[in-house]
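Here is the file final-v1.cif (mmCIF, C-alpha atoms).
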```cif
data_coords
#
loop_
_atom_site.label_atom_id
_atom_site.label_comp_id
_atom_site.auth_asym_id
_atom_site.auth_seq_id
_atom_site.Cartn_x
_atom_site.Cartn_y
_atom_site.Cartn_z
CA MET C 1 -14.45 51.24 -19.00
CA SER C 2 -13.43 50.45 -22.52
CA GLY C 3 -9.65 50.73 -22.34
CA GLN C 4 -9.02 48.53 -19.31
CA ASP C 5 -6.99 45.37 -19.51
CA PRO C 6 -8.56 41.99 -18.83
CA SER C 7 -6.95 41.63 -15.42
CA THR C 8 -8.52 44.89 -14.29
CA GLY C 9 -11.88 43.66 -15.55
CA VAL C 10 -11.50 40.45 -13.61
CA ALA C 11 -10.43 42.37 -10.51
CA ARG C 12 -13.42 44.70 -10.79
CA TYR C 13 -15.69 41.69 -11.17
CA LEU C 14 -14.21 40.10 -8.06
CA VAL C 15 -14.58 43.29 -6.07
CA SER C 16 -18.18 43.86 -7.15
CA ARG C 17 -19.08 40.25 -6.49
CA ALA C 18 -17.45 40.34 -3.07
CA ALA C 19 -19.19 43.58 -2.15
CA ARG C 20 -22.59 42.23 -3.18
CA LYS C 21 -22.12 39.34 -0.76
CA ALA C 22 -21.42 41.70 2.12
CA PRO C 23 -24.20 42.56 4.59
CA PRO C 24 -26.84 44.67 2.82
CA GLY C 25 -26.12 47.82 4.76
CA LEU C 26 -22.46 47.74 3.82
CA SER C 27 -22.63 46.36 0.33
CA ALA C 28 -22.89 49.63 -1.62
CA ARG C 29 -20.33 51.42 0.50
CA LEU C 30 -17.79 48.62 0.27
CA GLU C 31 -18.21 48.30 -3.49
CA GLU C 32 -17.54 52.00 -4.09
CA GLU C 33 -14.71 52.11 -1.57
CA TRP C 34 -13.01 48.98 -2.88
CA LEU C 35 -13.37 49.98 -6.53
CA ALA C 36 -11.78 53.35 -5.77
CA ASP C 37 -8.92 51.69 -3.91
CA LEU C 38 -8.57 49.17 -6.72
CA MET C 39 -7.96 51.93 -9.24
CA ALA C 40 -5.24 53.34 -6.99
CA ARG C 41 -3.24 50.15 -7.35
CA GLN C 42 -0.76 49.68 -10.13
CA GLY C 43 -0.15 46.43 -11.94
CA ALA C 44 -2.38 43.62 -13.06
CA PHE C 45 -1.15 41.18 -10.47
CA SER C 46 -1.59 43.68 -7.67
CA ARG C 47 -5.17 44.39 -8.74
CA LEU C 48 -6.03 40.69 -9.01
CA ARG C 49 -4.61 40.10 -5.57
CA PHE C 50 -6.64 43.02 -4.28
CA GLY C 51 -9.82 41.54 -5.77
CA LEU C 52 -9.19 38.17 -4.22
CA GLY C 53 -8.44 39.82 -0.91
CA CYS C 54 -11.78 41.60 -1.05
CA CYS C 55 -13.48 38.23 -1.48
CA TRP C 56 -11.83 37.06 1.69
CA ALA C 57 -12.62 40.33 3.47
CA THR C 58 -16.29 39.86 2.63
CA ARG C 59 -16.33 36.50 4.34
CA VAL C 60 -14.82 37.96 7.50
CA ILE C 61 -17.06 41.02 7.45
CA ALA C 62 -20.16 38.95 6.83
CA ARG C 63 -19.29 36.73 9.74
CA GLU C 64 -18.66 39.63 12.11
CA PHE C 65 -21.22 42.15 10.93
CA GLY C 66 -23.79 40.19 8.98
CA ALA C 67 -26.15 38.92 11.64
CA VAL C 68 -27.37 42.15 13.10
CA ALA C 69 -27.24 45.01 10.67
CA ALA C 70 -29.29 48.00 11.51
CA THR C 71 -28.98 51.66 11.49
CA ALA C 72 -26.77 52.56 14.36
CA GLY C 73 -26.55 56.26 13.91
CA ARG C 74 -24.47 58.55 11.86
CA SER C 75 -20.76 58.78 11.96
CA ALA C 76 -18.96 62.08 12.06
CA SER C 77 -18.98 62.22 8.27
CA GLY C 78 -22.74 62.09 8.17
CA GLN C 79 -22.87 58.67 6.60
CA ARG C 80 -24.94 55.93 8.08
CA LEU C 81 -22.95 53.19 9.59
CA LEU C 82 -25.31 50.30 9.23
CA VAL C 83 -23.67 48.06 11.66
CA ALA C 84 -24.97 47.62 15.12
CA TYR C 85 -22.09 46.20 16.98
CA GLY C 86 -24.10 44.39 19.63
CA GLY C 87 -23.63 40.98 21.09
CA GLY C 88 -26.03 39.32 18.73
CA TYR C 89 -23.87 39.13 15.66
CA ASP C 90 -23.15 35.78 14.16
CA PHE C 91 -19.69 35.02 15.28
CA SER C 92 -18.87 31.40 14.94
CA ARG C 93 -16.42 30.12 17.43
CA PHE C 94 -14.68 28.18 14.73
CA SER C 95 -14.47 28.92 11.06
CA ARG C 96 -15.31 26.27 8.53
CA ARG C 97 -11.64 25.82 7.77
CA THR C 98 -10.96 25.21 11.44
CA VAL C 99 -13.78 22.70 11.66
CA ALA C 100 -12.54 20.90 8.56
CA LEU C 101 -9.04 20.82 10.01
CA ILE C 102 -10.31 19.42 13.28
CA VAL C 103 -12.30 16.75 11.47
CA ILE C 104 -9.27 15.75 9.41
CA VAL C 105 -7.06 15.57 12.47
CA PHE C 106 -9.70 13.54 14.29
CA LEU C 107 -9.98 11.06 11.41
CA HIS C 108 -6.22 10.64 11.32
CA VAL C 109 -6.05 10.08 15.05
CA ALA C 110 -8.92 7.59 14.87
CA ALA C 111 -7.29 5.69 12.04
CA PHE C 112 -3.96 5.60 13.85
CA TYR C 113 -5.62 4.47 17.05
CA ALA C 114 -7.50 1.74 15.19
CA TYR C 115 -4.24 0.60 13.66
CA LEU C 116 -2.50 0.47 17.00
CA THR C 117 -5.26 -1.36 18.84
CA GLY C 118 -5.88 -3.88 16.07
CA ALA C 119 -9.36 -2.62 15.30
CA THR C 120 -8.55 -2.57 11.61
CA ARG C 121 -7.70 -6.24 11.84
CA ARG C 122 -11.05 -6.97 13.42
CA ILE C 123 -12.82 -4.99 10.74
CA VAL C 124 -11.03 -6.89 8.00
CA ASP C 125 -11.71 -10.19 9.71
CA GLY C 126 -15.36 -9.28 9.97
CA ALA C 127 -15.58 -8.43 6.31
CA PHE C 128 -13.65 -11.45 5.13
CA PRO C 129 -14.12 -14.68 7.09
CA PRO C 130 -10.83 -16.36 7.92
CA ILE C 131 -9.70 -19.34 5.92
CA ASN C 132 -9.69 -22.38 8.17
CA GLY C 133 -6.93 -24.74 7.22
CA ALA C 134 -7.09 -28.37 8.23
CA VAL C 135 -4.42 -31.02 8.07
CA LEU C 136 -5.67 -34.13 6.41
CA VAL C 137 -4.42 -37.19 8.19
CA ASP C 138 -3.77 -40.26 6.18
CA HIS C 139 -5.29 -42.96 8.32
CA ARG C 140 -3.28 -45.63 6.63
CA THR C 141 -0.40 -44.75 8.85
CA LEU C 142 -2.51 -45.13 11.93
CA GLN C 143 -3.52 -48.68 11.08
CA LYS C 144 -0.64 -51.02 11.36
CA PRO C 145 -0.94 -53.86 8.95
CA ALA C 146 -2.08 -56.99 10.66
CA ARG C 147 0.46 -59.71 10.81
CA LEU C 148 -0.42 -62.60 8.63
CA PRO C 149 -0.44 -65.98 10.31
CA PRO C 150 2.43 -68.19 9.34
CA PRO C 151 1.57 -70.31 6.37
CA LYS C 152 0.56 -73.85 7.03
CA LEU C 153 2.69 -75.97 4.85
CA MET C 154 1.30 -79.27 3.80
CA THR C 155 3.67 -82.18 3.54
CA PRO C 156 2.99 -83.97 0.28
CA THR C 157 2.38 -87.66 0.57
CA PHE C 158 2.99 -90.11 -2.21
CA ASP C 159 0.93 -92.91 -0.86
CA GLY C 160 -1.17 -94.61 -3.45
CA LEU C 161 0.61 -93.21 -6.43
CA PRO C 162 1.16 -95.77 -9.15
CA THR C 163 4.69 -96.87 -9.59
CA PRO C 164 5.84 -95.92 -13.08
CA ARG C 165 6.84 -98.75 -15.26
CA ILE C 166 9.92 -98.18 -17.29
CA PRO C 167 10.30 -100.62 -20.11
CA VAL C 168 13.88 -101.78 -20.38
CA ASP C 169 13.53 -104.55 -22.87
CA LEU C 170 12.99 -102.43 -25.94
CA PRO C 171 13.61 -104.10 -29.29
CA LEU C 172 16.59 -102.70 -31.00
CA ASP C 173 16.05 -101.15 -34.37
CA PRO C 174 19.08 -101.84 -36.48
CA LYS C 175 18.40 -98.75 -38.57
CA THR C 176 18.75 -96.42 -35.68
CA ILE C 177 22.00 -97.73 -34.43
CA THR C 178 24.45 -97.26 -37.21
CA LEU C 179 27.32 -95.66 -35.49
CA THR C 180 30.12 -97.54 -34.06
CA HIS C 181 32.77 -96.37 -31.73
CA SER C 182 35.27 -96.36 -34.51
CA ALA C 183 32.99 -94.18 -36.63
CA LEU C 184 32.68 -91.33 -34.14
CA PRO C 185 34.48 -88.16 -35.26
CA HIS C 186 37.42 -87.04 -33.35
CA VAL C 187 36.66 -84.20 -31.01
CA PRO C 188 39.67 -82.27 -29.95
CA PRO C 189 39.92 -81.63 -26.24
CA ILE C 190 38.91 -78.23 -25.03
CA PRO C 191 41.88 -76.24 -23.92
CA LEU C 192 42.04 -75.62 -20.21
CA GLN C 193 42.43 -71.86 -20.54
CA ASP C 194 38.91 -71.51 -22.10
CA SER C 195 37.34 -72.93 -19.02
CA LYS C 196 38.81 -70.18 -16.88
CA PRO C 197 36.06 -68.78 -14.44
CA VAL C 198 34.47 -65.44 -15.41
CA ARG C 199 35.20 -62.61 -13.01
CA ARG C 200 31.94 -60.68 -12.68
CA VAL C 201 31.30 -57.50 -10.71
CA VAL C 202 27.64 -56.61 -10.49
CA GLY C 203 26.83 -52.95 -11.15
CA GLY C 204 24.76 -50.48 -9.20
CA PRO C 205 24.06 -46.78 -8.86
CA GLY C 206 27.15 -44.87 -9.91
CA ALA C 207 28.51 -41.38 -9.93
CA GLY C 208 25.95 -38.67 -10.55
CA PHE C 209 23.10 -40.88 -9.46
CA PRO C 210 20.23 -38.69 -8.12
CA ASP C 211 19.88 -38.14 -4.41
CA THR C 212 17.23 -40.23 -2.70
CA GLU C 213 16.05 -37.21 -0.71
CA ASP C 214 14.99 -35.46 -3.90
CA TYR C 215 12.58 -38.27 -4.69
CA TYR C 216 11.17 -38.72 -1.21
CA PRO C 217 7.41 -38.31 -1.82
CA PRO C 218 6.37 -35.19 0.16
CA PRO C 219 3.08 -36.71 1.39
CA ALA C 220 4.99 -39.73 2.70
CA ARG C 221 7.55 -37.49 4.42
CA ARG C 222 4.74 -35.44 5.98
CA LEU C 223 3.08 -38.58 7.28
CA GLY C 224 6.36 -39.94 8.64
CA GLU C 225 6.46 -42.90 6.31
CA ALA C 226 9.83 -44.54 5.74
CA GLY C 227 11.00 -47.79 4.23
CA ALA C 228 13.03 -49.45 1.52
CA ALA C 229 12.10 -50.96 -1.82
CA ALA C 230 14.17 -53.24 -4.01
CA ILE C 231 14.32 -52.22 -7.65
CA ARG C 232 15.40 -54.35 -10.55
CA VAL C 233 16.98 -52.53 -13.46
CA CYS C 234 18.48 -53.62 -16.74
CA VAL C 235 21.49 -51.54 -17.73
CA ASP C 236 23.62 -51.42 -20.85
CA PRO C 237 27.42 -51.06 -20.82
CA ASN C 238 27.02 -47.29 -20.83
CA GLY C 239 24.97 -47.28 -17.64
CA ARG C 240 21.69 -46.50 -19.34
CA LEU C 241 18.46 -48.31 -18.70
CA THR C 242 17.39 -50.73 -21.37
CA ALA C 243 13.97 -51.36 -19.83
CA ASP C 244 11.65 -49.86 -17.30
CA PRO C 245 12.72 -50.59 -13.76
CA GLU C 246 10.42 -52.71 -11.68
CA ILE C 247 9.75 -53.37 -8.04
CA VAL C 248 11.01 -56.70 -6.87
CA GLN C 249 10.39 -56.09 -3.20
CA SER C 250 7.84 -53.49 -2.10
CA SER C 251 8.40 -51.18 0.82
CA GLY C 252 4.80 -51.77 1.82
CA ILE C 253 3.94 -48.16 1.03
CA ALA C 254 2.80 -47.39 -2.48
CA GLN C 255 4.07 -43.82 -2.40
CA LEU C 256 7.57 -44.91 -1.46
CA ASP C 257 7.54 -47.57 -4.19
CA GLY C 258 6.54 -44.92 -6.71
CA GLY C 259 9.31 -42.61 -5.50
CA ALA C 260 11.84 -45.44 -5.83
CA LEU C 261 10.75 -46.16 -9.41
CA ARG C 262 11.03 -42.48 -10.33
CA LEU C 263 14.49 -42.37 -8.79
CA ALA C 264 15.56 -45.44 -10.73
CA LYS C 265 14.33 -43.96 -14.00
CA ALA C 266 15.98 -40.62 -13.32
CA GLY C 267 19.27 -42.40 -12.70
CA SER C 268 19.50 -43.72 -16.27
CA GLY C 269 22.97 -42.95 -17.60
CA HIS C 270 24.43 -42.88 -14.10
CA TYR C 271 24.41 -46.61 -13.40
CA ARG C 272 27.58 -48.51 -12.94
CA PRO C 273 27.43 -51.39 -15.48
CA THR C 274 28.21 -54.91 -14.54
CA MET C 275 31.82 -55.76 -15.32
CA GLU C 276 32.83 -59.12 -16.62
CA ASN C 277 36.52 -59.69 -16.75
CA GLY C 278 36.98 -55.95 -16.65
CA GLN C 279 34.62 -55.25 -19.52
CA PRO C 280 31.22 -53.57 -19.10
CA VAL C 281 28.36 -55.73 -20.20
CA SER C 282 24.59 -55.42 -20.32
CA SER C 283 22.97 -56.96 -17.32
CA CYS C 284 20.06 -56.79 -14.95
CA TYR C 285 20.47 -56.50 -11.26
CA ALA C 286 18.56 -55.27 -8.22
CA PHE C 287 19.39 -52.70 -5.60
CA ARG C 288 17.60 -51.18 -2.67
CA VAL C 289 16.29 -47.65 -2.37
CA ARG C 290 15.86 -46.59 1.24
CA PHE C 291 13.74 -43.62 2.23
CA ARG C 292 14.72 -42.55 5.70
CA LEU C 293 13.42 -39.65 7.76
CA GLU C 294 15.99 -37.24 9.10
CA ASN C 295 15.30 -38.05 12.73
CA GLN C 296 15.57 -41.77 12.23
CA MET X 1 -25.32 53.01 20.42
CA GLY X 2 -24.29 49.40 20.72
CA LYS X 3 -20.70 49.88 19.76
CA ARG X 4 -18.30 47.36 20.99
CA ASP X 5 -15.25 48.87 22.62
CA ASP X 6 -13.32 45.69 23.18
CA VAL X 7 -11.25 45.37 20.06
CA ARG X 8 -9.06 42.37 19.64
CA ILE X 9 -5.58 43.76 19.19
CA SER X 10 -3.71 41.54 16.83
CA LEU X 11 -0.40 42.16 15.15
CA GLN X 12 -2.24 43.18 11.99
CA THR X 13 -4.36 45.65 13.95
CA LEU X 14 -1.22 47.19 15.38
CA ARG X 15 0.24 47.59 11.93
CA ALA X 16 -2.90 49.33 10.73
CA LEU X 17 -2.85 51.63 13.72
CA GLU X 18 0.81 52.35 13.22
CA ALA X 19 0.05 53.63 9.73
CA PHE X 20 -2.22 56.25 11.25
CA LEU X 21 0.09 57.15 14.10
CA GLU X 22 2.76 58.46 11.75
CA ASN X 23 0.60 61.55 11.53
CA PRO X 24 -2.58 61.16 13.59
CA SER X 25 -4.36 64.04 11.92
CA ASP X 26 -4.04 62.51 8.45
CA GLU X 27 -6.99 61.07 6.68
CA LEU X 28 -6.07 57.90 4.88
CA SER X 29 -7.86 55.78 2.38
CA GLY X 30 -7.71 52.02 2.49
CA ALA X 31 -5.16 52.08 -0.33
CA ASP X 32 -2.96 54.46 1.65
CA VAL X 33 -3.11 52.31 4.78
CA GLN X 34 -2.35 49.25 2.71
CA LYS X 35 0.66 50.99 1.21
CA ARG X 36 2.00 51.99 4.63
CA SER X 37 1.24 48.82 6.54
CA GLY X 38 1.70 46.21 3.82
CA LEU X 39 -1.44 44.42 4.91
CA ALA X 40 -3.48 42.51 2.36
CA SER X 41 -6.91 43.78 1.48
CA GLY X 42 -8.55 40.69 2.94
CA THR X 43 -7.04 41.57 6.30
CA LEU X 44 -7.11 45.34 6.22
CA TYR X 45 -10.76 46.16 5.48
CA PRO X 46 -12.26 44.02 8.26
CA ILE X 47 -9.84 45.74 10.67
CA LEU X 48 -10.88 49.20 9.48
CA LEU X 49 -14.55 48.33 9.85
CA ARG X 50 -13.95 46.79 13.25
CA LEU X 51 -12.07 49.82 14.55
CA GLU X 52 -14.64 52.18 13.09
CA SER X 53 -17.45 50.31 14.78
CA ALA X 54 -15.50 50.47 18.03
CA GLY X 55 -15.19 54.25 17.69
CA TRP X 56 -11.47 54.36 17.07
CA PHE X 57 -11.93 55.68 13.52
CA VAL X 58 -14.36 57.88 11.71
CA SER X 59 -14.71 57.80 7.97
CA ARG X 60 -16.14 59.95 5.21
CA TRP X 61 -16.25 60.06 1.47
CA GLU X 62 -13.62 62.14 -0.27
CA ALA X 63 -15.07 65.48 -1.37
CA ILE X 64 -14.07 65.51 -5.03
CA ASP X 65 -15.84 65.51 -8.33
CA PRO X 66 -15.05 62.12 -9.84
CA VAL X 67 -15.49 63.43 -13.37
CA SER X 68 -13.12 66.33 -13.04
CA ALA X 69 -10.67 64.34 -10.91
CA GLY X 70 -10.72 61.43 -13.33
CA ARG X 71 -11.04 58.87 -10.57
CA PRO X 72 -13.68 57.64 -8.15
CA ARG X 73 -13.95 59.15 -4.72
CA ARG X 74 -12.25 57.34 -1.89
CA ARG X 75 -13.33 56.48 1.60
CA LEU X 76 -11.07 58.30 4.08
CA TYR X 77 -10.41 57.16 7.62
CA ARG X 78 -9.15 59.25 10.52
CA LEU X 79 -8.34 58.45 14.12
CA THR X 80 -10.81 59.80 16.66
CA PRO X 81 -9.44 61.40 19.86
CA SER X 82 -10.48 58.36 21.85
CA GLY X 83 -8.95 56.10 19.23
CA LEU X 84 -5.73 58.05 19.32
CA ALA X 85 -5.62 57.83 23.12
CA ARG X 86 -6.24 54.08 23.10
CA ALA X 87 -3.69 53.47 20.39
CA SER X 88 -1.15 55.62 22.22
CA GLU X 89 -1.68 53.62 25.39
CA ILE X 90 -1.14 50.37 23.58
CA PHE X 91 2.04 51.46 21.87
CA ALA X 92 3.30 53.10 25.07
CA SER X 93 2.87 49.78 26.82
CA PHE X 94 5.14 48.30 24.19
CA GLY X 95 7.66 51.07 24.74
CA ARG X 96 7.29 52.31 21.22
CA GLY X 97 6.03 55.81 21.98
CA VAL X 98 3.86 57.96 19.79
CA PRO X 99 5.09 60.54 17.30
CA ALA X 100 4.48 64.09 18.48
#
```

Could the structure of this file be written out as structure tokens, please?
Amino acid sequence: MSGQDPSTGVARYLVSRAARKAPPGLSARLEEEWLADLMARQGAFSRLRFGLGCCWATRVIAREFGAVAATAGRSASGQRLLVAYGGGYDFSRFSRRTVALIVIVFLHVAAFYAYLTGATRRIVDGAFPPINGAVLVDHRTLQKPARLPPPKLMTPTFDGLPTPRIPVDLPLDPKTITLTHSALPHVPPIPLQDSKPVRRVVGGPGAGFPDTEDYYPPPARRLGEAGAAAIRVCVDPNGRLTADPEIVQSSGIAQLDGGALRLAKAGSGHYRPTMENGQPVSSCYAFRVRFRLENQ
Amino acid sequence: MGKRDDVRISLQTLRALEAFLENPSDELSGADVQKRSGLASGTLYPILLRLESAGWFVSRWEAIDPVSAGRPRRRLYRLTPSGLARASEIFASFGRGVPA
């Protein structure tokens, strides 16, 4: 057919292809019948839909009539109806679509059941071994430092030491003694107000000084270590450190001493300077940093 | 003959039958039935074959000359007396009645 539009060609192809897949006894009849009915339809879309419908019809017909096809006699029109409609035709209880749907539903139910019962967790745990965490215990805290025995002080004895001889009869050298009382210069007396005692207020951590809790070493906190360390700092009149702070009395725990030193360094600029007669001066002084657990 | 008389009566089957019951003596092609019933081709043709195998329909080729008619011959279906009786019973059970 030379003047047909492409959609009609496609529809004819679909119809012919569908009819060829029908049971052999029905194939020729269905092709002629469907092609005639196709030409009775108007519109490209309608014909394409008809062709697709024939494809589906072939599947149904093949399922119902395909297994046993034999000459079953002539119909009233004299044509052979090649379908023996016995009980032996291949009629699946479920179509493939139904089976696929059942399988999908089953998989969903199985997955949901596995999720509810924790089977997925077991599968994941089987695939990936769990990470075993262990808390490392610092045994230093378990061993209390042994008390040192009191020192044995030895009393020094001076028995047997030679008695020093101090010569008192030294010859006078006339060259060395030239001054006389009358030759001494006059030294004015020091006024009493200059000897007034200095009023000194030792400094310490001032406003804005960091919080001790922020410098509590986490390992020491975890191990329950607490204590106090004395720090010596040198501070200028502006409250800034002029030298590195140093430990003058250890807490007995190196981590706490380190935390105290870091705190002292971080506090530079926030120290209260030592005041002498109301004036800030550079000075060095010591103060204690106490690390205390919350429940203590 | 091996025909199966037990036809599954679905809603689509009823619609196909209804197209014939408008005038039981008419011979209709698949295109005509489709036009009257509104069924899709994928549904209609298996029903026609099923009812024909069950003895409700008979079919024949249209007696025309395709060259002079300018179109291919069609397959025409017609209700058999037994098919008409069975269809009438079914519709009567629904209270629909059958056209005279």

Can you list what the PyMOL selection byres ((chain X) within 12 of (chain C)) grabs from this structure, as a count of residues only?
52

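As for atom CA of C:Arg199 and atom CA of C:Pro237, they are spaced 16.0 Å apart.
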
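Taking only C-alpha atoms into account, those protein, DNA and RNA residues with any atom at most 8 Å away from (3.8, 43.4, 8.1) amount to Gln12, Arg15, Ser37, Gly38 and Leu39 of chain X.
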
Output file for the residues above (C-alpha atoms, as a tab-separated table (two decimals), keeping the file's coordinate frame):
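The resulting file, out33.tsv, is shown below:
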```
chain	number	residue	atom	x	y	z
X	12	GLN	CA	-2.24	43.18	11.99
X	15	ARG	CA	0.24	47.59	11.93
X	37	SER	CA	1.24	48.82	6.54
X	38	GLY	CA	1.70	46.21	3.82
X	39	LEU	CA	-1.44	44.42	4.91
```

Up to 7 Å from (8.7, -40.0, -6.7) in the file's coordinates: name the residues, counting all atoms listed in the file, as a count of residues only.
8

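From atom CA of C:Glu31 back to atom CA of C:Thr8, the distance works out to 14.9 Å.
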
With distances taken over all atoms listed in the file, which of C:Val233, C:Val202, C:Ala226, C:Ala18 is nearest to C:Gly252?
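Distance minimum relative to C:Gly252 lands on C:Ala226.
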
Expected selection from the PyMOL selection byres ((chain C and resi 274-277) around 12), given as number ranges by chain:
C: 196-206, 233-240, 271-273, 278-286
